[in-house]
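Reproduced below: data.pdb, with PDB, C-alpha atoms and all ligand atoms.
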```pdb
MODEL        1
ATOM      1  CA  MET A  29     -30.069  15.575   8.137
ATOM      2  CA  LYS A  30     -26.723  13.872   7.525
ATOM      3  CA  PRO A  31     -23.769  16.072   6.501
ATOM      4  CA  LYS A  32     -22.738  15.891   2.858
ATOM      5  CA  VAL A  33     -19.286  14.612   1.977
ATOM      6  CA  TYR A  34     -17.350  13.673  -1.147
ATOM      7  CA  ILE A  35     -14.932  10.730  -1.333
ATOM      8  CA  ALA A  36     -12.461  11.386  -4.158
ATOM      9  CA  LYS A  37     -11.085   7.832  -4.386
ATOM     10  CA  PRO A  38     -12.565   4.319  -4.460
ATOM     11  CA  VAL A  39     -12.581   2.756  -0.976
ATOM     12  CA  SER A  40     -13.421  -0.693   0.422
ATOM     13  CA  GLN A  41     -17.012  -1.649   1.226
ATOM     14  CA  GLN A  42     -16.199  -1.503   4.923
ATOM     15  CA  VAL A  43     -14.959   2.080   4.728
ATOM     16  CA  GLU A  44     -17.870   3.074   2.510
ATOM     17  CA  ASN A  45     -20.378   1.517   4.944
ATOM     18  CA  TYR A  46     -18.840   3.434   7.828
ATOM     19  CA  ILE A  47     -19.127   6.729   5.959
ATOM     20  CA  ALA A  48     -22.690   5.877   4.820
ATOM     21  CA  GLU A  49     -23.756   5.378   8.442
ATOM     22  CA  HIS A  50     -22.915   8.966   9.287
ATOM     23  CA  CYS A  51     -22.942  10.979   6.049
ATOM     24  CA  ASP A  52     -24.749  11.613   2.837
ATOM     25  CA  TYR A  53     -21.961  10.863   0.357
ATOM     26  CA  LYS A  54     -20.895  10.686  -3.254
ATOM     27  CA  ILE A  55     -17.790   8.832  -4.393
ATOM     28  CA  TRP A  56     -15.310   8.850  -7.301
ATOM     29  CA  ARG A  57     -15.108   5.189  -8.339
ATOM     30  CA  GLU A  58     -12.598   5.371 -11.188
ATOM     31  CA  LYS A  59      -9.014   4.095 -10.909
ATOM     32  CA  GLU A  60      -7.574   7.287 -12.408
ATOM     33  CA  ASP A  61      -7.072  10.338 -10.207
ATOM     34  CA  ILE A  62     -10.123  12.584 -10.157
ATOM     35  CA  PRO A  63      -9.778  15.454 -12.696
ATOM     36  CA  LYS A  64      -9.661  18.903 -11.095
ATOM     37  CA  GLU A  65     -12.791  20.155 -12.933
ATOM     38  CA  ILE A  66     -14.857  17.254 -11.554
ATOM     39  CA  LEU A  67     -13.432  17.660  -8.051
ATOM     40  CA  TYR A  68     -14.211  21.389  -8.048
ATOM     41  CA  LYS A  69     -17.785  20.641  -9.184
ATOM     42  CA  GLU A  70     -18.304  17.965  -6.532
ATOM     43  CA  ILE A  71     -17.048  20.050  -3.603
ATOM     44  CA  GLN A  72     -19.444  22.966  -4.256
ATOM     45  CA  ASP A  73     -21.994  21.833  -1.652
ATOM     46  CA  VAL A  74     -20.164  19.441   0.695
ATOM     47  CA  GLN A  75     -18.964  19.873   4.267
ATOM     48  CA  GLY A  76     -16.305  17.186   4.043
ATOM     49  CA  LEU A  77     -13.832  15.881   1.472
ATOM     50  CA  MET A  78     -11.768  12.693   1.747
ATOM     51  CA  ILE A  79      -8.941  12.536  -0.796
ATOM     52  CA  PRO A  80      -5.429  11.057  -1.166
ATOM     53  CA  LYS A  81      -3.933  14.467  -1.782
ATOM     54  CA  ALA A  82      -5.623  17.844  -2.343
ATOM     55  CA  LYS A  83      -3.917  21.013  -3.474
ATOM     56  CA  VAL A  84      -5.751  23.373  -1.161
ATOM     57  CA  ASN A  85      -5.212  26.947  -2.358
ATOM     58  CA  GLU A  86      -7.390  30.062  -3.010
ATOM     59  CA  ASP A  87      -8.813  28.488  -6.147
ATOM     60  CA  PHE A  88      -9.826  25.300  -4.352
ATOM     61  CA  ILE A  89     -11.394  27.211  -1.477
ATOM     62  CA  LYS A  90     -13.478  29.384  -3.811
ATOM     63  CA  ASN A  91     -15.085  26.212  -5.090
ATOM     64  CA  ALA A  92     -15.912  24.808  -1.665
ATOM     65  CA  PRO A  93     -17.884  27.429   0.262
ATOM     66  CA  GLN A  94     -19.338  24.965   2.792
ATOM     67  CA  LEU A  95     -16.250  22.854   3.388
ATOM     68  CA  LYS A  96     -15.312  22.148   7.013
ATOM     69  CA  VAL A  97     -12.877  19.211   6.715
ATOM     70  CA  VAL A  98     -10.289  17.993   4.215
ATOM     71  CA  SER A  99      -9.353  14.474   5.249
ATOM     72  CA  HIS A 100      -6.119  13.434   3.526
ATOM     73  CA  ILE A 101      -5.566   9.711   2.977
ATOM     74  CA  SER A 102      -1.832  10.136   3.464
ATOM     75  CA  VAL A 103       0.600  11.100   6.167
ATOM     76  CA  GLY A 104       2.306  13.868   4.176
ATOM     77  CA  TYR A 105       0.275  17.034   3.757
ATOM     78  CA  GLU A 106       2.607  19.572   2.181
ATOM     79  CA  THR A 107      -0.082  20.388  -0.421
ATOM     80  CA  LEU A 108      -2.371  21.862   2.247
ATOM     81  CA  ASP A 109      -2.036  25.597   2.889
ATOM     82  CA  THR A 110      -2.727  25.369   6.613
ATOM     83  CA  ASP A 111      -2.853  29.166   7.142
ATOM     84  CA  LEU A 112      -5.396  29.642   4.391
ATOM     85  CA  MET A 113      -7.454  26.743   5.688
ATOM     86  CA  GLU A 114      -7.473  28.159   9.185
ATOM     87  CA  GLN A 115      -8.586  31.569   7.878
ATOM     88  CA  ASN A 116     -11.476  29.814   6.124
ATOM     89  CA  GLY A 117     -12.434  27.613   9.073
ATOM     90  CA  ILE A 118     -11.375  24.395   7.340
ATOM     91  CA  VAL A 119      -9.697  21.621   9.329
ATOM     92  CA  GLY A 120      -7.100  19.395   7.656
ATOM     93  CA  THR A 121      -6.472  15.834   8.820
ATOM     94  CA  HIS A 122      -4.002  13.112   7.818
ATOM     95  CA  THR A 123      -3.221   9.458   8.576
ATOM     96  CA  PRO A 124      -0.100   9.052  10.715
ATOM     97  CA  TYR A 125       0.931   5.898  12.669
ATOM     98  CA  VAL A 126      -0.936   3.297  10.592
ATOM     99  CA  LEU A 127       1.690   3.268   7.827
ATOM    100  CA  ASP A 128       4.899   3.688   9.818
ATOM    101  CA  ASP A 129       5.935   0.014   9.805
ATOM    102  CA  THR A 130       4.944  -0.442   6.179
ATOM    103  CA  VAL A 131       7.023   2.498   4.966
ATOM    104  CA  ALA A 132       9.937   1.396   7.167
ATOM    105  CA  ASP A 133       9.784  -2.056   5.529
ATOM    106  CA  LEU A 134       9.951  -0.499   2.057
ATOM    107  CA  ILE A 135      12.910   1.630   3.114
ATOM    108  CA  PHE A 136      14.697  -1.514   4.198
ATOM    109  CA  GLY A 137      13.810  -3.018   0.849
ATOM    110  CA  LEU A 138      15.498  -0.050  -0.845
ATOM    111  CA  ILE A 139      18.548  -0.332   1.409
ATOM    112  CA  LEU A 140      18.949  -4.045   0.665
ATOM    113  CA  SER A 141      18.061  -3.739  -2.980
ATOM    114  CA  SER A 142      20.442  -0.893  -3.716
ATOM    115  CA  SER A 143      23.355  -2.369  -1.763
ATOM    116  CA  ARG A 144      22.959  -5.992  -2.916
ATOM    117  CA  ARG A 145      21.919  -5.016  -6.500
ATOM    118  CA  LEU A 146      18.762  -7.093  -6.261
ATOM    119  CA  SER A 147      16.839  -5.571  -9.146
ATOM    120  CA  GLN A 148      19.753  -5.859 -11.594
ATOM    121  CA  LEU A 149      20.495  -9.420 -10.478
ATOM    122  CA  ASP A 150      16.878 -10.424 -10.944
ATOM    123  CA  ARG A 151      16.954  -8.984 -14.467
ATOM    124  CA  TYR A 152      20.180 -10.767 -15.364
ATOM    125  CA  VAL A 153      19.103 -14.167 -14.081
ATOM    126  CA  LYS A 154      15.775 -13.933 -15.914
ATOM    127  CA  ASN A 155      17.538 -12.873 -19.118
ATOM    128  CA  GLY A 156      19.899 -15.888 -18.973
ATOM    129  CA  GLU A 157      22.876 -13.601 -18.294
ATOM    130  CA  TRP A 158      24.236 -15.529 -15.317
ATOM    131  CA  ASN A 159      27.860 -14.938 -16.425
ATOM    132  CA  LYS A 160      27.457 -11.166 -16.063
ATOM    133  CA  LEU A 161      27.693 -11.810 -12.360
ATOM    134  CA  ASP A 162      31.498 -11.987 -12.623
ATOM    135  CA  ASP A 163      31.479  -8.200 -12.951
ATOM    136  CA  PRO A 164      33.002  -6.640  -9.761
ATOM    137  CA  PHE A 165      29.947  -4.335  -9.711
ATOM    138  CA  PHE A 166      28.120  -7.267  -8.165
ATOM    139  CA  LEU A 167      30.536  -7.659  -5.281
ATOM    140  CA  SER A 168      28.166  -5.553  -3.347
ATOM    141  CA  LYS A 169      28.101  -3.701  -0.066
ATOM    142  CA  ASP A 170      27.224  -5.197   3.313
ATOM    143  CA  VAL A 171      24.259  -3.798   5.159
ATOM    144  CA  HIS A 172      24.898  -5.479   8.487
ATOM    145  CA  HIS A 173      27.277  -3.547  10.768
ATOM    146  CA  ALA A 174      27.274  -0.566   8.379
ATOM    147  CA  THR A 175      26.421   2.965   9.549
ATOM    148  CA  LEU A 176      22.971   4.269   8.744
ATOM    149  CA  GLY A 177      22.395   8.028   8.959
ATOM    150  CA  ILE A 178      18.775   9.099   9.282
ATOM    151  CA  ILE A 179      17.927  12.708   8.511
ATOM    152  CA  GLY A 180      14.599  13.367  10.244
ATOM    153  CA  MET A 181      13.880  11.172  13.256
ATOM    154  CA  GLY A 182      10.083  11.038  13.299
ATOM    155  CA  ARG A 183       7.820   8.023  13.687
ATOM    156  CA  ILE A 184       8.949   6.341  10.450
ATOM    157  CA  GLY A 185      12.623   7.167  11.067
ATOM    158  CA  GLU A 186      12.319   5.455  14.427
ATOM    159  CA  GLN A 187      10.876   2.290  12.885
ATOM    160  CA  VAL A 188      13.765   2.205  10.398
ATOM    161  CA  ALA A 189      16.248   2.733  13.231
ATOM    162  CA  LYS A 190      14.702  -0.177  15.114
ATOM    163  CA  ARG A 191      15.077  -2.543  12.151
ATOM    164  CA  ALA A 192      18.614  -1.337  11.470
ATOM    165  CA  SER A 193      19.858  -1.539  15.013
ATOM    166  CA  LEU A 194      18.104  -4.617  16.368
ATOM    167  CA  GLY A 195      17.874  -6.610  13.156
ATOM    168  CA  PHE A 196      21.016  -5.718  11.199
ATOM    169  CA  ASP A 197      23.480  -4.651  13.924
ATOM    170  CA  MET A 198      23.899  -1.312  12.194
ATOM    171  CA  ASP A 199      25.226   1.798  13.908
ATOM    172  CA  VAL A 200      22.498   4.377  13.602
ATOM    173  CA  ILE A 201      23.220   8.086  13.763
ATOM    174  CA  TYR A 202      20.647  10.788  13.120
ATOM    175  CA  TYR A 203      20.068  14.456  12.517
ATOM    176  CA  ASN A 204      16.887  16.030  13.833
ATOM    177  CA  ARG A 205      15.887  19.419  15.210
ATOM    178  CA  SER A 206      15.146  17.916  18.608
ATOM    179  CA  ALA A 207      16.821  15.000  20.339
ATOM    180  CA  ARG A 208      14.947  11.708  20.714
ATOM    181  CA  PRO A 209      16.316  10.377  24.020
ATOM    182  CA  GLU A 210      13.867   7.480  24.274
ATOM    183  CA  ALA A 211      14.728   6.184  20.820
ATOM    184  CA  GLU A 212      18.431   6.772  21.566
ATOM    185  CA  GLU A 213      18.141   4.601  24.620
ATOM    186  CA  LYS A 214      16.086   1.851  22.951
ATOM    187  CA  TYR A 215      18.085   1.532  19.739
ATOM    188  CA  GLY A 216      21.497   2.962  20.664
ATOM    189  CA  LEU A 217      21.123   5.960  18.361
ATOM    190  CA  GLU A 218      23.416   8.943  18.378
ATOM    191  CA  LYS A 219      22.328  12.467  17.419
ATOM    192  CA  LYS A 220      24.832  14.396  15.277
ATOM    193  CA  GLU A 221      25.066  17.480  13.095
ATOM    194  CA  LEU A 222      23.882  17.135   9.513
ATOM    195  CA  GLU A 223      27.434  17.365   8.149
ATOM    196  CA  GLN A 224      28.609  14.545  10.435
ATOM    197  CA  VAL A 225      25.706  12.314   9.472
ATOM    198  CA  LEU A 226      26.528  12.855   5.800
ATOM    199  CA  GLN A 227      30.253  12.257   6.291
ATOM    200  CA  GLU A 228      30.039   9.169   8.486
ATOM    201  CA  SER A 229      27.192   7.155   6.982
ATOM    202  CA  ASP A 230      27.319   4.232   4.571
ATOM    203  CA  PHE A 231      23.602   4.735   3.936
ATOM    204  CA  VAL A 232      21.938   8.146   4.248
ATOM    205  CA  LEU A 233      18.152   8.165   4.575
ATOM    206  CA  THR A 234      16.156  11.373   4.150
ATOM    207  CA  MET A 235      12.957  11.122   6.165
ATOM    208  CA  VAL A 236      11.816  14.727   6.688
ATOM    209  CA  PRO A 237       8.503  16.309   5.645
ATOM    210  CA  LEU A 238       8.695  18.743   2.721
ATOM    211  CA  THR A 239       8.705  22.384   3.897
ATOM    212  CA  ASP A 240      10.497  25.549   2.760
ATOM    213  CA  GLU A 241      13.260  24.581   5.171
ATOM    214  CA  THR A 242      13.721  21.042   3.836
ATOM    215  CA  HIS A 243      13.296  21.850   0.123
ATOM    216  CA  HIS A 244      16.596  20.729  -1.508
ATOM    217  CA  LEU A 245      18.035  20.023   1.936
ATOM    218  CA  ILE A 246      20.356  17.613   0.153
ATOM    219  CA  GLY A 247      22.135  19.350  -2.722
ATOM    220  CA  LYS A 248      25.538  19.494  -4.345
ATOM    221  CA  GLU A 249      27.470  20.441  -1.186
ATOM    222  CA  GLU A 250      25.765  17.852   0.988
ATOM    223  CA  LEU A 251      26.291  15.071  -1.574
ATOM    224  CA  LYS A 252      29.979  16.011  -1.737
ATOM    225  CA  LEU A 253      30.260  15.362   1.996
ATOM    226  CA  MET A 254      29.056  11.771   1.632
ATOM    227  CA  LYS A 255      31.419   8.793   1.330
ATOM    228  CA  LYS A 256      32.219   7.851  -2.260
ATOM    229  CA  ASP A 257      30.490   4.491  -1.876
ATOM    230  CA  ALA A 258      27.583   5.697   0.267
ATOM    231  CA  ILE A 259      24.017   5.109  -0.867
ATOM    232  CA  LEU A 260      21.300   7.753  -0.588
ATOM    233  CA  ILE A 261      17.796   6.505   0.190
ATOM    234  CA  ASN A 262      14.794   8.791  -0.230
ATOM    235  CA  ALA A 263      11.259   7.652   0.546
ATOM    236  CA  SER A 264       9.921  10.941   1.928
ATOM    237  CA  ARG A 265       9.428  13.586  -0.762
ATOM    238  CA  GLY A 266      11.374  14.024  -4.002
ATOM    239  CA  LYS A 267      11.947  17.738  -3.525
ATOM    240  CA  VAL A 268      13.911  17.179  -0.306
ATOM    241  CA  VAL A 269      16.790  16.185  -2.615
ATOM    242  CA  ASN A 270      18.010  18.389  -5.459
ATOM    243  CA  GLU A 271      17.563  15.817  -8.207
ATOM    244  CA  GLN A 272      19.903  17.511 -10.701
ATOM    245  CA  ALA A 273      22.640  17.544  -8.064
ATOM    246  CA  LEU A 274      21.957  13.886  -7.286
ATOM    247  CA  ILE A 275      22.176  12.919 -10.966
ATOM    248  CA  GLN A 276      25.479  14.783 -11.246
ATOM    249  CA  ALA A 277      26.878  13.221  -8.058
ATOM    250  CA  LEU A 278      25.966   9.720  -9.251
ATOM    251  CA  HIS A 279      27.395  10.451 -12.670
ATOM    252  CA  ASP A 280      30.659  11.797 -11.219
ATOM    253  CA  GLY A 281      31.027   8.964  -8.701
ATOM    254  CA  GLU A 282      30.662  11.366  -5.747
ATOM    255  CA  ILE A 283      28.390   8.764  -4.135
ATOM    256  CA  GLY A 284      27.903   5.059  -4.722
ATOM    257  CA  GLY A 285      24.223   4.782  -5.505
ATOM    258  CA  ALA A 286      20.660   5.625  -4.620
ATOM    259  CA  GLY A 287      17.408   3.918  -3.692
ATOM    260  CA  LEU A 288      14.464   6.132  -4.535
ATOM    261  CA  ASP A 289      10.735   5.873  -3.970
ATOM    262  CA  VAL A 290      10.066   9.579  -4.646
ATOM    263  CA  TYR A 291      11.088  12.105  -7.311
ATOM    264  CA  GLU A 292      10.924  15.829  -7.940
ATOM    265  CA  THR A 293       8.291  15.179 -10.624
ATOM    266  CA  GLU A 294       5.841  12.294 -10.235
ATOM    267  CA  PRO A 295       5.195  10.159 -12.159
ATOM    268  CA  VAL A 296       8.904  10.275 -12.901
ATOM    269  CA  GLU A 297       9.570  11.322 -16.509
ATOM    270  CA  ALA A 298      10.748   8.544 -18.843
ATOM    271  CA  THR A 299      13.699  10.740 -19.872
ATOM    272  CA  ASN A 300      14.955  11.169 -16.286
ATOM    273  CA  PRO A 301      18.636  10.059 -16.328
ATOM    274  CA  LEU A 302      18.147   8.331 -12.955
ATOM    275  CA  LEU A 303      16.208   5.637 -14.779
ATOM    276  CA  GLN A 304      19.242   4.754 -16.900
ATOM    277  CA  MET A 305      21.668   4.402 -13.999
ATOM    278  CA  GLU A 306      22.668   0.888 -12.938
ATOM    279  CA  ASN A 307      23.475   2.032  -9.408
ATOM    280  CA  VAL A 308      19.994   3.481  -8.818
ATOM    281  CA  VAL A 309      17.039   1.409  -7.635
ATOM    282  CA  THR A 310      13.639   2.959  -8.242
ATOM    283  CA  THR A 311      10.108   2.307  -6.994
ATOM    284  CA  PRO A 312       7.021   4.365  -7.878
ATOM    285  CA  HIS A 313       6.127   6.143  -4.572
ATOM    286  CA  ILE A 314       4.707   2.994  -2.992
ATOM    287  CA  GLY A 315       5.986   3.341   0.570
ATOM    288  CA  SER A 316       2.582   2.706   2.110
ATOM    289  CA  ALA A 317       1.272   0.388  -0.614
ATOM    290  CA  THR A 318       0.271  -2.797   1.168
ATOM    291  CA  ALA A 319      -3.349  -3.895   1.325
ATOM    292  CA  ASN A 320      -3.405  -3.642   5.137
ATOM    293  CA  ALA A 321      -1.777  -0.223   5.399
ATOM    294  CA  ARG A 322      -3.889   1.297   2.640
ATOM    295  CA  GLU A 323      -7.100  -0.045   4.229
ATOM    296  CA  ALA A 324      -6.035   1.265   7.647
ATOM    297  CA  MET A 325      -5.228   4.666   6.121
ATOM    298  CA  ALA A 326      -8.634   4.841   4.398
ATOM    299  CA  MET A 327     -10.442   3.882   7.620
ATOM    300  CA  LYS A 328      -8.505   6.422   9.637
ATOM    301  CA  ALA A 329      -9.247   9.095   7.031
ATOM    302  CA  ALA A 330     -12.943   8.136   7.155
ATOM    303  CA  GLU A 331     -12.961   8.433  10.959
ATOM    304  CA  ASN A 332     -11.284  11.845  10.782
ATOM    305  CA  LEU A 333     -13.788  12.945   8.130
ATOM    306  CA  VAL A 334     -16.845  11.777  10.045
ATOM    307  CA  ALA A 335     -15.628  13.333  13.309
ATOM    308  CA  GLY A 336     -14.988  16.629  11.524
ATOM    309  CA  VAL A 337     -18.397  16.915   9.872
ATOM    310  CA  THR A 338     -20.458  15.651  12.806
ATOM    311  CA  GLY A 339     -19.139  18.087  15.403
ATOM    312  CA  GLY A 340     -16.564  15.742  16.945
ATOM    313  CA  LYS A 341     -12.825  16.309  17.174
ATOM    314  CA  PRO A 342     -10.842  14.472  14.489
ATOM    315  CA  GLU A 343      -7.960  12.527  15.993
ATOM    316  CA  ASN A 344      -5.317  13.536  13.455
ATOM    317  CA  VAL A 345      -5.551  17.254  12.758
ATOM    318  CA  VAL A 346      -2.534  18.482  10.776
ATOM    319  CA  LYS A 347      -0.111  20.878  12.390
ATOM    320  CA  GLU A 348       1.270  23.924  10.684
ATOM    321  CA  LEU A 349       4.196  22.997   8.441
ATOM    322  CA  LYS A 350       6.499  26.007   8.191
ATOM    323  CA  HIS A 351       5.933  26.935   4.533
TER     324      HIS A 351
HETATM  325  C1  LIG B   1       2.082   9.533   2.442
HETATM  326  O1  LIG B   1       1.163   8.981   3.072
HETATM  327  O2  LIG B   1       2.393  10.705   2.602
HETATM  328  C2  LIG B   1       2.787   8.685   1.456
HETATM  329  O3  LIG B   1       3.939   9.269   0.963
HETATM  330  C3  LIG B   1       1.867   8.442   0.300
HETATM  331  O4  LIG B   1       1.637   9.680  -0.329
ENDMDL
END
```

Could you take the file, read its structure, and then write that structure out as structure tokens?
Ligand code: DGY
Amino acid sequence: MKPKVYIAKPVSQQVENYIAEHCDYKIWREKEDIPKEILYKEIQDVQGLMIPKAKVNEDFIKNAPQLKVVSHISVGYETLDTDLMEQNGIVGTHTPYVLDDTVADLIFGLILSSSRRLSQLDRYVKNGEWNKLDDPFFLSKDVHHATLGIIGMGRIGEQVAKRASLGFDMDVIYYNRSARPEAEEKYGLEKKELEQVLQESDFVLTMVPLTDETHHLIGKEELKLMKKDAILINASRGKVVNEQALIQALHDGEIGGAGLDVYETEPVEATNPLLQMENVVTTPHIGSATANAREAMAMKAAENLVAGVTGGKPENVVKELKH
């Protein structure tokens, strides 16, 4: 008998066929996120769940007595309580590698967009406000030869460093718990203390996973250390930056601007002051949103799921994040 699994998101025919070959499955086909009540009903008798993001806590586990694998269709997995899962014999998996280049591209989009004011300029040209361009605000900031500081030098950080160093002649400095000698050698990176990275960078990129340690890693004091015209880019998790402190720093001119793909609350609230600020460029958490990357993530998640419920070893088991 095939193992039973639930797929909590529509997937391509190819991914569905692959799962069908190995599992007895049901699937959520709506565009909207699956409501919690329906999810909890559907996981009562399955061994595997594939889902973009699951909040795995006591409540979730009570509703899934036979569950063996939670296969996340994302690289971040801060919503999984890895200790609790281990105690209950549940394996968590995620989808690293296949989205690294795609997220790095988006980050470069945010760097270019926030420094060269692309979204405002687009708006002005389309609104027939060409003459607004005389405003000194639009004498923007060069990206080439500037200093990029990357906080968190993982796989995605390295892809950003590569683009910055080889493509834009930027000086790249980074802060990370451990040194990355290979990347240093390849892209001329220099490891520094967090304070130095904040003080010396024209662009500061936060690229760390969300843990207790990185929650509000960038707050009032850290923002104060940054150059007055520096731009903060965040495409990792909103809670890595203290959003109130960021709003204040932007308001007070402590920093020059921000390019944000992630927020403390998502979807971002319409009343969030960041949305009214001319020197802030926003995107709606779409770092990995290209057709190719999303398909590759779904296929990888399907492979992890199938391996986990058929007695194999999933390739991408999550590691403990220090919560
Ligand atoms: C990820 O994969 O973690 C991206 O941020 C999308 O959630």

Who sits within 9 Å of A:Thr110, all atoms listed in the file, same chain under 4 positions skipped, as number ranges by chain:
A: 84, 114-115, 118-120, 346-349

Do you know which residues lie at most 12 Å from (7.4, 0.8, -6.6), with coordinates as in the file and all atoms listed in the file counted, and could you write them as an mmCIF file with C-alpha atoms, in the coordinates of the input?
```cif
data_model
loop_
_atom_site.group_PDB
_atom_site.id
_atom_site.type_symbol
_atom_site.label_atom_id
_atom_site.label_comp_id
_atom_site.auth_asym_id
_atom_site.auth_seq_id
_atom_site.Cartn_x
_atom_site.Cartn_y
_atom_site.Cartn_z
ATOM 1 C CA VAL A 131 7.023 2.498 4.966
ATOM 2 C CA LEU A 134 9.951 -0.499 2.057
ATOM 3 C CA ILE A 135 12.910 1.630 3.114
ATOM 4 C CA GLY A 137 13.810 -3.018 0.849
ATOM 5 C CA LEU A 138 15.498 -0.050 -0.845
ATOM 6 C CA SER A 147 16.839 -5.571 -9.146
ATOM 7 C CA ALA A 263 11.259 7.652 0.546
ATOM 8 C CA GLY A 287 17.408 3.918 -3.692
ATOM 9 C CA LEU A 288 14.464 6.132 -4.535
ATOM 10 C CA ASP A 289 10.735 5.873 -3.970
ATOM 11 C CA VAL A 290 10.066 9.579 -4.646
ATOM 12 C CA TYR A 291 11.088 12.105 -7.311
ATOM 13 C CA PRO A 295 5.195 10.159 -12.159
ATOM 14 C CA VAL A 296 8.904 10.275 -12.901
ATOM 15 C CA VAL A 309 17.039 1.409 -7.635
ATOM 16 C CA THR A 310 13.639 2.959 -8.242
ATOM 17 C CA THR A 311 10.108 2.307 -6.994
ATOM 18 C CA PRO A 312 7.021 4.365 -7.878
ATOM 19 C CA HIS A 313 6.127 6.143 -4.572
ATOM 20 C CA ILE A 314 4.707 2.994 -2.992
ATOM 21 C CA GLY A 315 5.986 3.341 0.570
ATOM 22 C CA SER A 316 2.582 2.706 2.110
ATOM 23 C CA ALA A 317 1.272 0.388 -0.614
ATOM 24 C CA THR A 318 0.271 -2.797 1.168
#
```

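Nearest residue to ligand LIG 1 (chain B), choosing from A:Ile55, A:Ala326, A:Leu140, A:Ala36 and counting only C-alpha atoms and all ligand atoms: A:Ala326.
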
Show me, as a tab-separated table, the residues of chain A having an atom within 8 Å of ligand LIG 1 (chain B), each with the closest atom pair and its distance in Å, using only C-alpha atoms and all ligand atoms.
```
residue	atom	partner	partner_atom	distance
A:Pro80	CA	B:LIG1	O4	7.2
A:Lys81	CA	B:LIG1	O4	7.5
A:Ile101	CA	B:LIG1	O1	6.8
A:Ser102	CA	B:LIG1	O1	3.2
A:Val103	CA	B:LIG1	O1	3.8
A:Gly104	CA	B:LIG1	O2	3.5
A:Tyr105	CA	B:LIG1	O2	6.8
A:Thr123	CA	B:LIG1	O1	7.1
A:Pro124	CA	B:LIG1	O1	7.7
A:Leu127	CA	B:LIG1	O1	7.5
A:Ala263	CA	B:LIG1	O3	7.5
A:Ser264	CA	B:LIG1	O3	6.3
A:Arg265	CA	B:LIG1	O3	7.2
A:His313	CA	B:LIG1	O3	6.7
A:Ile314	CA	B:LIG1	C3	7.0
A:Gly315	CA	B:LIG1	O3	6.3
A:Ser316	CA	B:LIG1	C2	6.0
```

Please identify all polymer residues within 7 Å of A:Asn270, counting all atoms listed in the file, omitting same-chain residues fewer than 6 positions from it, and present them as a short mmCIF file (atom, residue, chain, number, x, y, z; two decimals) with C-alpha atoms, keeping the file's coordinate frame.
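This is the output file part.cif:
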```
data_model
loop_
_atom_site.label_atom_id
_atom_site.label_comp_id
_atom_site.auth_asym_id
_atom_site.auth_seq_id
_atom_site.Cartn_x
_atom_site.Cartn_y
_atom_site.Cartn_z
CA HIS A 244 16.60 20.73 -1.51
CA ILE A 246 20.36 17.61 0.15
CA GLY A 247 22.14 19.35 -2.72
#
```

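Here the question is which of A:Asp280, A:Glu65, A:Glu212, A:Glu186 gets nearest to A:Ala132 using only C-alpha atoms, and that residue is A:Glu186.
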
Quick one, how far is atom CA of A:Ala189 from atom CA of A:Gln272?
28.4 Å

Check what the PyMOL selection byres (((chain A and resi 198) around 6) and not hetatm) selects in the file above and give those residues as a PDB file with C-alpha atoms, in the coordinates of the input.
```pdb
ATOM      1  CA  HIS A 172      24.898  -5.479   8.487  1.00  0.00           C
ATOM      2  CA  HIS A 173      27.277  -3.547  10.768  1.00  0.00           C
ATOM      3  CA  ALA A 174      27.274  -0.566   8.379  1.00  0.00           C
ATOM      4  CA  THR A 175      26.421   2.965   9.549  1.00  0.00           C
ATOM      5  CA  ALA A 192      18.614  -1.337  11.470  1.00  0.00           C
ATOM      6  CA  SER A 193      19.858  -1.539  15.013  1.00  0.00           C
ATOM      7  CA  PHE A 196      21.016  -5.718  11.199  1.00  0.00           C
ATOM      8  CA  ASP A 197      23.480  -4.651  13.924  1.00  0.00           C
ATOM      9  CA  ASP A 199      25.226   1.798  13.908  1.00  0.00           C
TER      10      ASP A 199
END
```

Have a look at A:Lys219, A:Lys256, A:Lys64, A:Lys30 and name the one nearest to A:Ala48; count all atoms listed in the file.
A:Lys30

Evaluate the PyMOL selection byres (((chain A and resi 78) around 6) and not hetatm) and record the selected residues as a ChimeraX atom specification, following the chain and residue labels used in the document.
/A:35,77,79,99-100

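Remark: for A:Met235, the closest of the candidate residues A:Ile179, A:Leu251, A:Leu278, A:Leu217 is A:Ile179 (distances computed over all atoms listed in the file).
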
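The spacing separating atom CA of A:Pro38 from atom CA of A:Leu238 amounts to 26.7 Å.
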
Padding 8 Å on every side, please: axis-aligned box over the listed atoms of stretch 206-214 of chain A, centre and edge lengths to one decimal in Å, as JSON.
```
{"center_x": 16.1, "center_y": 9.9, "center_z": 21.6, "size_x": 20.6, "size_y": 32.1, "size_z": 22.0}
```

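Minimum atom-to-atom distance to A:Lys252, evaluated using only C-alpha atoms, belongs to A:Glu282 out of A:Glu282, A:Glu331, A:Glu86, A:Asp240.
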
Find the residues around A:Arg144 up to 12 Å (only C-alpha atoms counted), leave out those fewer than 3 positions away in its own chain, and share them as JSON, numbers by chain.
{"A": [136, 137, 138, 139, 140, 141, 147, 148, 149, 150, 165, 166, 167, 168, 169, 170, 171, 172, 259, 285, 286, 287, 307, 308, 309]}

Selection dump of the PyMOL selection byres (((chain A and resi 228) around 8) and not hetatm), as a PyMOL selection string
chain A and resi 175+177+224-227+229-230+254-255

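Straight-line separation from atom CA of A:Asn45 to atom CA of A:Leu95: 21.8 Å.
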
Which residue, A:Lys37, A:Glu213, A:Val269, A:Glu343, has the smallest gap to A:Glu60 when you use all atoms listed in the file?
A:Lys37
